[in-house]
Number of protein chains: 2
Amino acid sequence: MPDGELASFADFCKRQGLKITHQRLEIYREVLQMTGHPDAETVYERVREKIPVISLDTVYRTLRLFEEKGIIRKLGMQNDRARFDANITPHHHFICVKCGLIKDFYSKELNDYHPDNDVPDVADIQSVHIEIRGICQNCKNNHG
Amino acid sequence: MPDGELASFADFCKRQGLKITHQRLEIYREVLQMTGHPDAETVYERVREKIPVISLDTVYRTLRLFEEKGIIRKLGMQNDRARFDANITPHHHFICVKCGLIKDFYSKELNDYHPDNDVPDVADIQSVHIEIRGICQNCKNNHG
DNA sequence: CTTAATGCAAAACATTTGCAACAAC
DNA sequence: GTTGTTGCAAATGTTTTGCATTAAG
(Lines give C-alpha, C1' and ligand atoms only; values in the text may rest on other atoms or scores of the structure.)
Protein backbone atom coordinates (compact mmCIF):
# COMPACT_ATOMS: atom_id res chain seq x y z
CA MET A 1 0.00 0.00 0.00
CA PRO A 2 2.69 2.47 -0.96
CA ASP A 3 0.22 5.23 -1.78
CA GLY A 4 -1.85 4.96 1.34
CA GLU A 5 -5.18 4.36 -0.33
CA LEU A 6 -7.68 2.54 1.80
CA ALA A 7 -9.29 0.93 -1.25
CA SER A 8 -6.21 -1.13 -2.08
CA PHE A 9 -5.83 -2.40 1.49
CA ALA A 10 -7.71 -5.58 0.60
CA ASP A 11 -5.42 -6.22 -2.36
CA PHE A 12 -2.40 -5.61 -0.18
CA CYS A 13 -3.57 -8.16 2.39
CA LYS A 14 -4.18 -10.77 -0.29
CA ARG A 15 -0.72 -10.27 -1.73
CA GLN A 16 0.80 -10.66 1.73
CA GLY A 17 -1.33 -13.66 2.66
CA LEU A 18 -3.07 -11.74 5.45
CA LYS A 19 -6.70 -12.17 6.36
CA ILE A 20 -8.83 -9.07 5.99
CA THR A 21 -10.46 -8.77 9.39
CA HIS A 22 -12.87 -6.16 10.63
CA GLN A 23 -10.25 -5.11 13.24
CA ARG A 24 -7.44 -4.66 10.71
CA LEU A 25 -9.63 -2.63 8.40
CA GLU A 26 -10.73 -0.24 11.12
CA ILE A 27 -7.25 0.12 12.63
CA TYR A 28 -5.77 0.94 9.25
CA ARG A 29 -8.60 3.34 8.45
CA GLU A 30 -8.05 5.22 11.71
CA VAL A 31 -4.28 5.48 11.39
CA LEU A 32 -4.72 6.80 7.86
CA GLN A 33 -7.21 9.37 9.05
CA MET A 34 -5.33 10.53 12.15
CA THR A 35 -2.57 12.88 11.06
CA GLY A 36 -1.51 13.58 14.65
CA HIS A 37 0.87 10.59 14.93
CA PRO A 38 -1.18 8.68 17.50
CA ASP A 39 0.11 6.15 20.00
CA ALA A 40 -1.38 2.68 20.37
CA GLU A 41 -3.72 3.71 23.18
CA THR A 42 -5.17 6.56 21.11
CA VAL A 43 -5.75 4.29 18.13
CA TYR A 44 -7.41 1.84 20.50
CA GLU A 45 -9.82 4.45 21.85
CA ARG A 46 -10.80 5.59 18.37
CA VAL A 47 -11.28 2.10 16.96
CA ARG A 48 -13.33 1.10 19.99
CA GLU A 49 -16.03 3.52 18.87
CA LYS A 50 -16.49 1.31 15.83
CA ILE A 51 -15.65 -2.08 17.38
CA PRO A 52 -16.39 -1.88 21.12
CA VAL A 53 -15.13 -5.39 21.88
CA ILE A 54 -11.68 -4.95 20.33
CA SER A 55 -8.78 -5.55 22.71
CA LEU A 56 -5.74 -3.36 23.21
CA ASP A 57 -3.30 -6.13 22.40
CA THR A 58 -4.93 -6.63 19.02
CA VAL A 59 -4.19 -2.98 18.32
CA TYR A 60 -0.57 -3.47 19.38
CA ARG A 61 -0.25 -6.67 17.33
CA THR A 62 -1.82 -5.08 14.28
CA LEU A 63 0.29 -1.92 14.44
CA ARG A 64 3.41 -4.05 14.72
CA LEU A 65 2.27 -6.14 11.75
CA PHE A 66 1.57 -3.05 9.66
CA GLU A 67 4.98 -1.66 10.54
CA GLU A 68 6.72 -4.91 9.57
CA LYS A 69 4.88 -4.89 6.26
CA GLY A 70 5.87 -1.28 5.71
CA ILE A 71 2.44 0.32 5.43
CA ILE A 72 2.89 2.44 8.54
CA ARG A 73 5.98 3.78 10.28
CA LYS A 74 6.95 3.83 13.94
CA LEU A 75 8.49 7.09 15.07
CA GLY A 76 11.51 7.52 17.30
CA MET A 77 13.90 4.91 18.54
CA GLN A 78 13.39 1.35 17.37
CA ASN A 79 14.55 -0.28 20.59
CA ASP A 80 12.68 0.17 23.81
CA ARG A 81 15.42 1.54 25.99
CA ALA A 82 16.41 5.18 26.36
CA ARG A 83 20.01 6.01 25.48
CA PHE A 84 22.17 8.78 26.87
CA ASP A 85 24.86 11.01 25.46
CA ALA A 86 27.34 13.19 27.35
CA ASN A 87 28.12 15.08 24.14
CA ILE A 88 25.84 18.09 24.50
CA THR A 89 27.30 20.11 21.65
CA PRO A 90 24.95 20.23 18.65
CA HIS A 91 25.51 17.15 16.56
CA HIS A 92 23.69 14.48 14.60
CA HIS A 93 23.48 10.70 14.58
CA PHE A 94 24.05 7.90 12.14
CA ILE A 95 22.37 4.67 13.28
CA CYS A 96 23.25 1.30 11.78
CA VAL A 97 20.02 -0.68 11.58
CA LYS A 98 21.93 -3.95 11.61
CA CYS A 99 24.30 -3.69 14.58
CA GLY A 100 22.73 -0.76 16.44
CA LEU A 101 25.86 1.39 16.29
CA ILE A 102 25.18 5.08 16.88
CA LYS A 103 27.82 7.42 15.53
CA ASP A 104 27.96 11.16 16.04
CA PHE A 105 28.58 13.41 13.11
CA TYR A 106 28.75 17.11 12.38
CA SER A 107 27.77 19.02 9.30
CA LYS A 108 28.62 22.53 8.19
CA GLU A 109 25.98 22.26 5.50
CA LEU A 110 23.21 21.40 7.96
CA ASN A 111 24.21 24.09 10.40
CA ASP A 112 23.31 26.60 7.70
CA TYR A 113 19.86 25.11 7.23
CA HIS A 114 17.03 27.37 8.38
CA PRO A 115 13.80 25.41 8.67
CA ASP A 116 11.61 28.51 8.96
CA ASN A 117 10.58 28.41 5.33
CA ASP A 118 9.57 24.75 5.48
CA VAL A 119 7.71 24.71 8.82
CA PRO A 120 4.94 27.30 8.95
CA ASP A 121 3.64 26.81 12.51
CA VAL A 122 6.95 26.97 14.34
CA ALA A 123 7.56 29.93 16.67
CA ASP A 124 10.89 29.16 18.36
CA ILE A 125 13.42 26.50 17.36
CA GLN A 126 15.38 24.83 20.14
CA SER A 127 17.23 22.12 18.24
CA VAL A 128 17.63 20.63 14.78
CA HIS A 129 18.64 17.00 14.92
CA ILE A 130 19.25 14.64 12.02
CA GLU A 131 18.95 10.90 12.27
CA ILE A 132 20.39 8.92 9.41
CA ARG A 133 19.56 5.21 9.26
CA GLY A 134 21.48 2.76 7.17
CA ILE A 135 24.21 0.13 7.12
CA CYS A 136 27.68 0.82 8.46
CA GLN A 137 30.88 -0.19 6.63
CA ASN A 138 31.60 -2.91 9.15
CA CYS A 139 28.23 -4.66 8.72
CA LYS A 140 28.45 -4.37 4.94
CA ASN A 141 31.91 -5.91 4.85
CA ASN A 142 31.08 -8.76 7.21
CA HIS A 143 27.82 -10.04 5.79
CA GLY A 144 27.02 -8.73 2.36
CA MET B 1 29.50 21.77 32.78
CA PRO B 2 29.00 22.86 29.20
CA ASP B 3 32.39 21.61 28.10
CA GLY B 4 32.11 18.15 29.58
CA GLU B 5 35.19 18.31 31.77
CA LEU B 6 35.14 15.93 34.69
CA ALA B 7 37.21 18.33 36.78
CA SER B 8 34.48 20.95 36.88
CA PHE B 9 31.82 18.44 37.89
CA ALA B 10 32.28 19.32 41.55
CA ASP B 11 31.89 23.01 40.83
CA PHE B 12 28.81 22.31 38.78
CA CYS B 13 27.21 20.38 41.64
CA LYS B 14 27.91 23.14 44.11
CA ARG B 15 26.39 25.74 41.83
CA GLN B 16 23.28 23.57 41.46
CA GLY B 17 23.04 22.76 45.17
CA LEU B 18 23.67 19.06 44.53
CA LYS B 19 25.68 16.85 46.82
CA ILE B 20 28.76 15.27 45.28
CA THR B 21 28.26 11.60 45.97
CA HIS B 22 30.47 8.68 45.02
CA GLN B 23 27.65 7.33 42.83
CA ARG B 24 27.12 10.58 40.92
CA LEU B 25 30.82 10.97 40.27
CA GLU B 26 31.23 7.49 38.87
CA ILE B 27 28.05 7.62 36.79
CA TYR B 28 29.10 10.89 35.23
CA ARG B 29 32.62 9.62 34.64
CA GLU B 30 31.31 6.55 32.81
CA VAL B 31 28.84 8.40 30.62
CA LEU B 32 31.60 10.82 29.66
CA GLN B 33 33.90 7.97 28.78
CA MET B 34 31.39 5.84 26.86
CA THR B 35 30.95 7.30 23.41
CA GLY B 36 28.58 4.52 22.32
CA HIS B 37 25.42 6.20 23.66
CA PRO B 38 24.73 3.66 26.41
CA ASP B 39 21.38 2.83 27.96
CA ALA B 40 20.78 2.87 31.73
CA GLU B 41 21.44 -0.85 32.12
CA THR B 42 24.83 -0.56 30.39
CA VAL B 43 25.86 2.37 32.56
CA TYR B 44 24.76 0.36 35.59
CA GLU B 45 26.93 -2.61 34.64
CA ARG B 46 29.97 -0.42 34.09
CA VAL B 47 29.57 1.58 37.28
CA ARG B 48 29.03 -1.60 39.28
CA GLU B 49 32.64 -2.56 38.60
CA LYS B 50 33.62 0.49 40.65
CA ILE B 51 30.72 0.52 43.14
CA PRO B 52 29.38 -3.05 43.44
CA VAL B 53 26.54 -2.13 45.78
CA ILE B 54 25.03 0.58 43.59
CA SER B 55 21.41 0.03 42.64
CA LEU B 56 19.87 0.30 39.21
CA ASP B 57 17.32 2.86 40.28
CA THR B 58 20.06 5.19 41.48
CA VAL B 59 21.47 5.03 37.97
CA TYR B 60 18.05 5.87 36.53
CA ARG B 61 17.52 8.67 39.04
CA THR B 62 20.96 10.12 38.43
CA LEU B 63 20.70 9.99 34.64
CA ARG B 64 17.34 11.73 34.84
CA LEU B 65 18.84 14.35 37.14
CA PHE B 66 21.79 14.94 34.81
CA GLU B 67 19.44 15.28 31.89
CA GLU B 68 17.27 17.80 33.72
CA LYS B 69 20.36 19.81 34.60
CA GLY B 70 21.48 19.67 30.98
CA ILE B 71 24.83 17.92 31.40
CA ILE B 72 23.78 14.86 29.42
CA ARG B 73 21.17 14.33 26.73
CA LYS B 74 18.54 11.65 26.30
CA LEU B 75 18.22 10.40 22.73
CA GLY B 76 15.01 9.62 20.91
CA MET B 77 11.45 10.31 21.97
CA GLN B 78 10.88 12.20 25.20
CA ASN B 79 7.64 10.47 26.06
CA ASP B 80 7.46 6.77 26.73
CA ARG B 81 4.92 5.68 24.18
CA ALA B 82 5.61 4.70 20.58
CA ARG B 83 3.79 6.76 17.96
CA PHE B 84 2.72 5.72 14.50
CA ASP B 85 2.46 7.42 11.17
CA ALA B 86 0.63 6.25 8.05
CA ASN B 87 2.53 8.79 5.96
CA ILE B 88 5.34 6.66 4.58
CA THR B 89 6.61 9.17 2.05
CA PRO B 90 9.94 10.72 3.11
CA HIS B 91 9.25 13.62 5.41
CA HIS B 92 10.44 15.29 8.60
CA HIS B 93 8.96 16.27 11.94
CA PHE B 94 8.58 19.38 14.01
CA ILE B 95 7.82 18.59 17.65
CA CYS B 96 6.47 21.16 20.06
CA VAL B 97 8.09 20.49 23.42
CA LYS B 98 5.22 22.19 25.23
CA CYS B 99 2.07 20.61 23.84
CA GLY B 100 3.56 17.53 22.17
CA LEU B 101 2.27 18.42 18.71
CA ILE B 102 4.08 16.60 15.91
CA LYS B 103 3.84 18.26 12.50
CA ASP B 104 5.10 16.82 9.25
CA PHE B 105 7.14 18.97 6.95
CA TYR B 106 8.98 18.62 3.66
CA SER B 107 12.12 20.27 2.46
CA LYS B 108 13.54 20.57 -1.03
CA GLU B 109 16.79 21.78 0.50
CA LEU B 110 17.18 18.70 2.71
CA ASN B 111 16.31 16.30 -0.06
CA ASP B 112 19.46 17.50 -1.82
CA TYR B 113 21.63 16.86 1.22
CA HIS B 114 24.18 14.08 0.75
CA PRO B 115 25.57 13.01 4.13
CA ASP B 116 28.40 10.96 2.64
CA ASN B 117 30.93 13.71 3.18
CA ASP B 118 30.05 14.14 6.84
CA VAL B 119 29.68 10.50 7.92
CA PRO B 120 32.77 8.44 7.16
CA ASP B 121 31.67 4.97 8.30
CA VAL B 122 28.37 4.81 6.46
CA ALA B 123 27.99 2.27 3.66
CA ASP B 124 24.32 2.48 2.63
CA ILE B 125 21.83 5.17 3.62
CA GLN B 126 18.22 4.11 4.07
CA SER B 127 16.68 7.30 5.43
CA VAL B 128 17.51 10.84 6.44
CA HIS B 129 15.12 12.17 9.02
CA ILE B 130 15.13 15.56 10.70
CA GLU B 131 13.58 16.23 14.06
CA ILE B 132 13.12 19.86 14.99
CA ARG B 133 12.21 20.66 18.59
CA GLY B 134 10.78 23.96 19.65
CA ILE B 135 7.65 25.89 20.50
CA CYS B 136 4.70 26.09 18.12
CA GLN B 137 2.83 29.31 17.32
CA ASN B 138 -0.19 28.22 19.31
CA CYS B 139 1.75 27.61 22.53
CA LYS B 140 3.67 30.87 22.14
CA ASN B 141 0.45 32.86 21.68
CA ASN B 142 -1.40 31.23 24.56
CA HIS B 143 1.15 31.40 27.34
CA GLY B 144 4.05 33.67 26.63
C1' DC C 1 -12.71 -27.63 7.29
C1' DT C 2 -8.26 -25.48 7.95
C1' DT C 3 -5.50 -21.94 9.35
C1' DA C 4 -4.75 -17.66 11.08
C1' DA C 5 -6.47 -13.87 14.14
C1' DT C 6 -8.72 -12.44 18.28
C1' DG C 7 -9.63 -11.63 23.32
C1' DC C 8 -8.43 -12.54 27.73
C1' DA C 9 -5.33 -12.72 31.43
C1' DA C 10 -0.87 -13.02 32.81
C1' DA C 11 3.91 -12.04 31.86
C1' DA C 12 7.78 -9.33 30.53
C1' DC C 13 10.12 -5.31 30.16
C1' DA C 14 11.90 -0.60 31.29
C1' DT C 15 11.28 2.95 34.43
C1' DT C 16 9.46 5.29 38.67
C1' DT C 17 8.28 5.85 43.58
C1' DG C 18 7.61 5.42 48.90
C1' DC C 19 10.18 4.87 52.69
C1' DA C 20 13.64 3.82 56.14
C1' DA C 21 18.69 3.85 56.50
C1' DC C 22 22.54 6.53 55.33
C1' DA C 23 26.00 9.88 53.72
C1' DA C 24 27.22 14.73 52.51
C1' DC C 25 27.47 19.17 54.14
C1' DG D 1 22.37 17.87 63.26
C1' DT D 2 19.97 18.79 59.00
C1' DT D 3 18.94 17.81 54.54
C1' DG D 4 19.37 15.45 50.46
C1' DT D 5 20.57 10.81 48.53
C1' DT D 6 20.67 5.94 48.38
C1' DG D 7 19.07 1.03 48.30
C1' DC D 8 15.48 -1.93 48.59
C1' DA D 9 11.19 -3.62 47.22
C1' DA D 10 7.05 -2.76 45.35
C1' DA D 11 4.42 -0.20 41.94
C1' DT D 12 3.65 1.71 37.49
C1' DG D 13 3.03 1.94 32.59
C1' DT D 14 3.80 0.10 28.10
C1' DT D 15 4.21 -3.70 25.24
C1' DT D 16 4.36 -8.77 24.50
C1' DT D 17 2.89 -13.65 24.87
C1' DG D 18 0.38 -18.32 25.77
C1' DC D 19 -3.71 -20.35 25.00
C1' DA D 20 -8.50 -21.42 24.17
C1' DT D 21 -12.14 -19.45 21.23
C1' DT D 22 -13.60 -17.48 17.05
C1' DA D 23 -13.72 -15.82 12.36
C1' DA D 24 -11.74 -15.74 7.52
C1' DG D 25 -10.62 -18.17 3.45
# chains A, B, ... in the order shown; residues from 1 in each chain; ligands from 1

$ select_by_dssp --residues "region 9-63 of chain A" --states "helix (DSSP H, G or I)" --output "ChimeraX atom specification"
/A:9-16,22-33,40-48,56-63

$ closest_atom_pairs --of "chain B" --to "chain C" --cutoff "10 Å" --atoms "only C-alpha atoms (C1' of nucleotides)" --output "CSV"
residue,atom,partner,partner_atom,distance
B:Leu18,CA,C:DA24,C1',9.8
B:Lys19,CA,C:DA24,C1',6.3
B:Ile20,CA,C:DA24,C1',7.4
B:Thr21,CA,C:DA24,C1',7.3
B:His22,CA,C:DA23,C1',9.9
B:Ala40,CA,C:DA14,C1',9.5
B:Glu41,CA,C:DA14,C1',9.6
B:Asp57,CA,C:DT16,C1',8.4
B:Tyr60,CA,C:DT15,C1',7.7
B:Arg61,CA,C:DT16,C1',8.7
B:Asp80,CA,C:DT15,C1',9.4

$ residues_around --residues "region 27-36 of chain B" --least-positions-apart "5" --cutoff "9 Å" --atoms "only C-alpha atoms (C1' of nucleotides)" --output "list in words"
Phe84, Asp85, Ala86, Asn87, Leu101, Ile102, Lys103 and Asp104 of chain A; Gly4, Glu5, Leu6, Phe9, His22, Val43, Tyr44, Arg46, Val47, Val59, Thr62, Leu63, Phe66 and Ile72 of chain B

$ select_by_dssp --residues "chain A" --states "strand (DSSP E)" --output "ChimeraX atom specification"
/A:73-74,84-85,92-96,102-105,122-136

$ atom_distance --atom1 "CA of Tyr106 (chain A)" --atom2 "CA of His92 (chain A)"
6.1 Å

$ closest_atom_pairs --of "chain B" --to "chain D" --cutoff "7 Å" --atoms "only C-alpha atoms (C1' of nucleotides)" --output "JSON lines"
{"residue": "B:Ser55", "atom": "CA", "partner": "D:DG7", "partner_atom": "C1'", "distance": 6.2}
{"residue": "B:Thr58", "atom": "CA", "partner": "D:DT6", "partner_atom": "C1'", "distance": 7.0}
{"residue": "B:Arg81", "atom": "CA", "partner": "D:DT14", "partner_atom": "C1'", "distance": 6.9}

$ write_last_selection --atoms "N, CA, C and O atoms" --output "tab-separated table (two decimals), in the first residue's frame"
chain	number	residue	atom	x	y	z
B	55	SER	N	22.66	0.61	43.13
B	55	SER	CA	21.41	0.03	42.64
B	55	SER	C	21.01	0.65	41.31
B	55	SER	O	21.36	1.79	41.00
B	58	THR	N	19.20	4.01	41.28
B	58	THR	CA	20.06	5.19	41.48
B	58	THR	C	20.63	5.64	40.14
B	58	THR	O	20.73	6.84	39.87
B	81	ARG	N	5.70	6.48	25.12
B	81	ARG	CA	4.92	5.68	24.18
B	81	ARG	C	5.43	5.78	22.74
B	81	ARG	O	5.87	6.85	22.31

$ residues_around --residues "Glu109 (chain B)" --least-positions-apart "2" --cutoff "10 Å" --atoms "only C-alpha atoms (C1' of nucleotides)" --output "list in words"
Leu110, Tyr113, His114, Pro115 and Asp118 of chain A; Tyr106, Ser107, Asn111, Asp112 and Tyr113 of chain B

$ interface_residues --of "chain B" --to "chain A" --cutoff "7 Å" --atoms "only C-alpha atoms" --output "JSON, numbers by chain"
{"B": [31, 32, 36, 37, 38, 39, 71, 72, 73, 74, 75, 76, 77, 81, 82, 83, 84, 85, 86, 87, 88, 102, 105, 106, 107, 118, 119, 121, 122, 123, 124, 125, 126, 127, 128, 129, 130, 131, 132, 133, 134, 135, 136, 137, 140]}
